[in-house]
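The structure file run32.pdb is reproduced below (PDB, C-alpha atoms).
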ATOM      1  CA  MET A   1     -15.130 -47.578  59.072  1.00  0.00           C
ATOM      2  CA  GLU A   2     -15.582 -48.492  55.409  1.00  0.00           C
ATOM      3  CA  LEU A   3     -19.126 -48.112  54.046  1.00  0.00           C
ATOM      4  CA  THR A   4     -19.493 -51.756  52.985  1.00  0.00           C
ATOM      5  CA  GLU A   5     -18.244 -52.888  56.398  1.00  0.00           C
ATOM      6  CA  LEU A   6     -20.777 -50.602  58.065  1.00  0.00           C
ATOM      7  CA  LEU A   7     -23.547 -52.030  55.894  1.00  0.00           C
ATOM      8  CA  LYS A   8     -22.510 -55.613  56.596  1.00  0.00           C
ATOM      9  CA  LYS A   9     -22.665 -54.931  60.331  1.00  0.00           C
ATOM     10  CA  TYR A  10     -25.801 -52.775  60.107  1.00  0.00           C
ATOM     11  CA  VAL A  11     -27.923 -54.873  62.480  1.00  0.00           C
ATOM     12  CA  VAL A  12     -25.216 -54.927  65.162  1.00  0.00           C
ATOM     13  CA  ILE A  13     -24.540 -51.208  64.773  1.00  0.00           C
ATOM     14  CA  GLN A  14     -28.291 -50.486  64.957  1.00  0.00           C
ATOM     15  CA  SER A  15     -28.409 -52.350  68.265  1.00  0.00           C
ATOM     16  CA  LEU A  16     -25.459 -50.373  69.645  1.00  0.00           C
ATOM     17  CA  TYR A  17     -27.054 -47.142  68.430  1.00  0.00           C
ATOM     18  CA  ASP A  18     -30.356 -47.994  70.118  1.00  0.00           C
ATOM     19  CA  LYS A  19     -28.512 -48.674  73.389  1.00  0.00           C
ATOM     20  CA  GLY A  20     -26.586 -45.388  73.076  1.00  0.00           C
ATOM     21  CA  ILE A  21     -23.168 -47.017  73.092  1.00  0.00           C
ATOM     22  CA  LEU A  22     -22.127 -46.362  69.497  1.00  0.00           C
ATOM     23  CA  THR A  23     -18.871 -44.430  69.179  1.00  0.00           C
ATOM     24  CA  ALA A  24     -19.192 -40.728  68.456  1.00  0.00           C
ATOM     25  CA  ASP A  25     -17.344 -40.925  65.133  1.00  0.00           C
ATOM     26  CA  ILE A  26     -19.778 -43.521  63.730  1.00  0.00           C
ATOM     27  CA  VAL A  27     -23.036 -41.886  64.903  1.00  0.00           C
ATOM     28  CA  PRO A  28     -23.288 -39.187  62.184  1.00  0.00           C
ATOM     29  CA  VAL A  29     -22.409 -41.646  59.421  1.00  0.00           C
ATOM     30  CA  PHE A  30     -24.890 -44.201  60.733  1.00  0.00           C
ATOM     31  CA  GLU A  31     -27.663 -41.604  61.076  1.00  0.00           C
ATOM     32  CA  THR A  32     -27.053 -40.328  57.546  1.00  0.00           C
ATOM     33  CA  LEU A  33     -26.958 -43.862  56.203  1.00  0.00           C
ATOM     34  CA  THR A  34     -30.210 -44.774  57.937  1.00  0.00           C
ATOM     35  CA  ALA A  35     -31.945 -41.622  56.712  1.00  0.00           C
ATOM     36  CA  VAL A  36     -30.848 -42.160  53.121  1.00  0.00           C
ATOM     37  CA  ILE A  37     -31.565 -45.891  52.751  1.00  0.00           C
ATOM     38  CA  GLY A  38     -34.315 -46.318  55.337  1.00  0.00           C
ATOM     39  CA  SER A  39     -37.275 -46.021  52.971  1.00  0.00           C
ATOM     40  CA  GLY A  40     -35.737 -48.143  50.237  1.00  0.00           C
ATOM     41  CA  GLU A  41     -36.822 -45.694  47.568  1.00  0.00           C
ATOM     42  CA  LEU A  42     -33.367 -44.439  46.637  1.00  0.00           C
ATOM     43  CA  PHE A  43     -31.312 -47.575  47.210  1.00  0.00           C
ATOM     44  CA  PRO A  44     -33.652 -50.572  47.032  1.00  0.00           C
ATOM     45  CA  VAL A  45     -30.971 -53.218  46.486  1.00  0.00           C
ATOM     46  CA  ILE A  46     -28.844 -51.988  49.380  1.00  0.00           C
ATOM     47  CA  LYS A  47     -31.852 -51.864  51.697  1.00  0.00           C
ATOM     48  CA  MET A  48     -33.106 -55.301  50.724  1.00  0.00           C
ATOM     49  CA  HIS A  49     -29.665 -56.908  50.970  1.00  0.00           C
ATOM     50  CA  TYR A  50     -28.059 -55.270  53.998  1.00  0.00           C
ATOM     51  CA  ILE A  51     -31.026 -54.206  56.117  1.00  0.00           C
ATOM     52  CA  ASP A  52     -33.686 -56.762  55.205  1.00  0.00           C
ATOM     53  CA  GLY A  53     -31.092 -59.551  54.854  1.00  0.00           C
ATOM     54  CA  LEU A  54     -32.252 -60.872  51.479  1.00  0.00           C
ATOM     55  CA  THR A  55     -29.928 -62.708  49.115  1.00  0.00           C
ATOM     56  CA  MET A  56     -29.179 -61.307  45.680  1.00  0.00           C
ATOM     57  CA  GLU A  57     -31.164 -64.138  44.119  1.00  0.00           C
ATOM     58  CA  VAL A  58     -34.277 -63.301  46.144  1.00  0.00           C
ATOM     59  CA  ILE A  59     -33.878 -59.597  45.363  1.00  0.00           C
ATOM     60  CA  ALA A  60     -33.596 -60.390  41.658  1.00  0.00           C
ATOM     61  CA  GLU A  61     -36.755 -62.451  41.841  1.00  0.00           C
ATOM     62  CA  LYS A  62     -38.649 -59.729  43.721  1.00  0.00           C
ATOM     63  CA  LEU A  63     -37.556 -56.973  41.333  1.00  0.00           C
ATOM     64  CA  GLY A  64     -37.850 -59.083  38.190  1.00  0.00           C
ATOM     65  CA  TYR A  65     -34.222 -58.864  37.081  1.00  0.00           C
ATOM     66  CA  GLU A  66     -31.394 -61.320  36.563  1.00  0.00           C
ATOM     67  CA  THR A  67     -29.073 -61.803  39.529  1.00  0.00           C
ATOM     68  CA  ARG A  68     -26.183 -60.383  37.524  1.00  0.00           C
ATOM     69  CA  THR A  69     -28.154 -57.156  37.039  1.00  0.00           C
ATOM     70  CA  ILE A  70     -28.780 -56.905  40.780  1.00  0.00           C
ATOM     71  CA  TYR A  71     -25.042 -57.178  41.467  1.00  0.00           C
ATOM     72  CA  ARG A  72     -24.434 -54.337  38.998  1.00  0.00           C
ATOM     73  CA  ARG A  73     -27.175 -52.233  40.603  1.00  0.00           C
ATOM     74  CA  GLN A  74     -25.671 -52.894  44.030  1.00  0.00           C
ATOM     75  CA  LYS A  75     -22.280 -51.692  42.835  1.00  0.00           C
ATOM     76  CA  LEU A  76     -23.804 -48.505  41.412  1.00  0.00           C
ATOM     77  CA  GLU A  77     -25.917 -47.898  44.513  1.00  0.00           C
ATOM     78  CA  LEU A  78     -22.883 -48.358  46.766  1.00  0.00           C
ATOM     79  CA  ALA A  79     -20.881 -45.838  44.722  1.00  0.00           C
ATOM     80  CA  GLU A  80     -23.717 -43.305  44.823  1.00  0.00           C
ATOM     81  CA  LEU A  81     -24.326 -43.830  48.537  1.00  0.00           C
ATOM     82  CA  LYS A  82     -20.620 -43.430  49.231  1.00  0.00           C
ATOM     83  CA  SER A  83     -20.604 -40.099  47.388  1.00  0.00           C
ATOM     84  CA  ILE A  84     -23.571 -38.910  49.473  1.00  0.00           C
ATOM     85  CA  ILE A  85     -21.967 -40.015  52.766  1.00  0.00           C
ATOM     86  CA  ASN A  86     -18.642 -38.404  51.835  1.00  0.00           C
ATOM     87  CA  GLY A  87     -20.333 -35.223  50.584  1.00  0.00           C
ATOM     88  CA  ASP A  88     -18.812 -35.586  47.104  1.00  0.00           C
ATOM     89  CA  TRP A  89     -22.179 -34.871  45.441  1.00  0.00           C
ATOM     90  CA  LEU A  90     -22.041 -31.303  46.808  1.00  0.00           C
ATOM     91  CA  ASN A  91     -19.036 -30.400  44.647  1.00  0.00           C
TER      92      ASN A  91
END
Could you take the file, read its structure, and then write that structure out as structure tokens?
Amino acid sequence: MELTELLKKYVVIQSLYDKGILTADIVPVFETLTAVIGSGELFPVIKMHYIDGLTMEVIAEKLGYETRTIYRRQKLELAELKSIINGDWLN
């Protein structure tokens, strides 16, 4: 499952995880994802958008940036998160 698809379906996947019916191949990725973005310290835009369900406009207002800047930050955060999930940062 693609990372952005996993993030978009985070709430549904969380529910399946809580019920213990999440497929075995998704569990480690989901657990890593939750551990990394759960606090919101490392990836605030991703957490606010995908987990908290805020729009980019609301996030921009909360963080004091232009919406365009938030979209750029999201793109960078997604790339960094993907490298962590894939283990690329270890190389």
* Asked: Which residues come within 12 Å of Tyr71 (chain A), counting only C-alpha atoms, excluding same-chain residues fewer than 3 positions away, as a list in words?
  ->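 Neighbouring residues, sequence-local ones excluded: Val45, Ile46, His49, Thr55, Met56, Glu57, Ile59, Ala60, Tyr65, Glu66, Thr67, Arg68, Gln74, Lys75, Leu76, Glu77 and Leu78 of chain A.
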Export, as a PDB file, in the frame of the given file, the selected residues with C-alpha atoms.
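Result file follows (selection-v9.pdb):
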ATOM      1  CA  VAL A  45     -30.971 -53.218  46.486  1.00  0.00           C
ATOM      2  CA  ILE A  46     -28.844 -51.988  49.380  1.00  0.00           C
ATOM      3  CA  HIS A  49     -29.665 -56.908  50.970  1.00  0.00           C
ATOM      4  CA  THR A  55     -29.928 -62.708  49.115  1.00  0.00           C
ATOM      5  CA  MET A  56     -29.179 -61.307  45.680  1.00  0.00           C
ATOM      6  CA  GLU A  57     -31.164 -64.138  44.119  1.00  0.00           C
ATOM      7  CA  ILE A  59     -33.878 -59.597  45.363  1.00  0.00           C
ATOM      8  CA  ALA A  60     -33.596 -60.390  41.658  1.00  0.00           C
ATOM      9  CA  TYR A  65     -34.222 -58.864  37.081  1.00  0.00           C
ATOM     10  CA  GLU A  66     -31.394 -61.320  36.563  1.00  0.00           C
ATOM     11  CA  THR A  67     -29.073 -61.803  39.529  1.00  0.00           C
ATOM     12  CA  ARG A  68     -26.183 -60.383  37.524  1.00  0.00           C
ATOM     13  CA  GLN A  74     -25.671 -52.894  44.030  1.00  0.00           C
ATOM     14  CA  LYS A  75     -22.280 -51.692  42.835  1.00  0.00           C
ATOM     15  CA  LEU A  76     -23.804 -48.505  41.412  1.00  0.00           C
ATOM     16  CA  GLU A  77     -25.917 -47.898  44.513  1.00  0.00           C
ATOM     17  CA  LEU A  78     -22.883 -48.358  46.766  1.00  0.00           C
TER      18      LEU A  78
END
* To do: Name the residues that the PyMOL selection byres ((chain A and resi 29-33) around 10) picks from the file above, as a VMD selection string, using the file's chain letters and numbers.
  => chain A and resid 1 3 6 to 7 10 13 to 14 17 22 24 to 28 34 to 38 81 to 82 84 to 86
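From CA of Glu80 (chain A) back to CA of Gly40 (chain A), the distance works out to 14.0 Å.
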* Provide the CA of Lys9 (chain A) to CA of Asp52 (chain A) distance in Å, to one decimal place. =>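 A separation of 12.3 Å between them.
For the residues A:Thr4, A:Ile51, A:Ile21, A:Ser39, ranking by smallest atom-to-atom distance to Ala79 (chain A) using only C-alpha atoms places A:Thr4 first.
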* Record the distance separating CA of Leu16 (chain A) and CA of Gly87 (chain A), expressed in Å with one decimal. => 24.9 Å
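Using only C-alpha atoms for every distance, the candidate list A:Lys19, A:Glu41, A:Val11, A:Ile70 yields A:Ile70 as the residue closest to Val58 (chain A).
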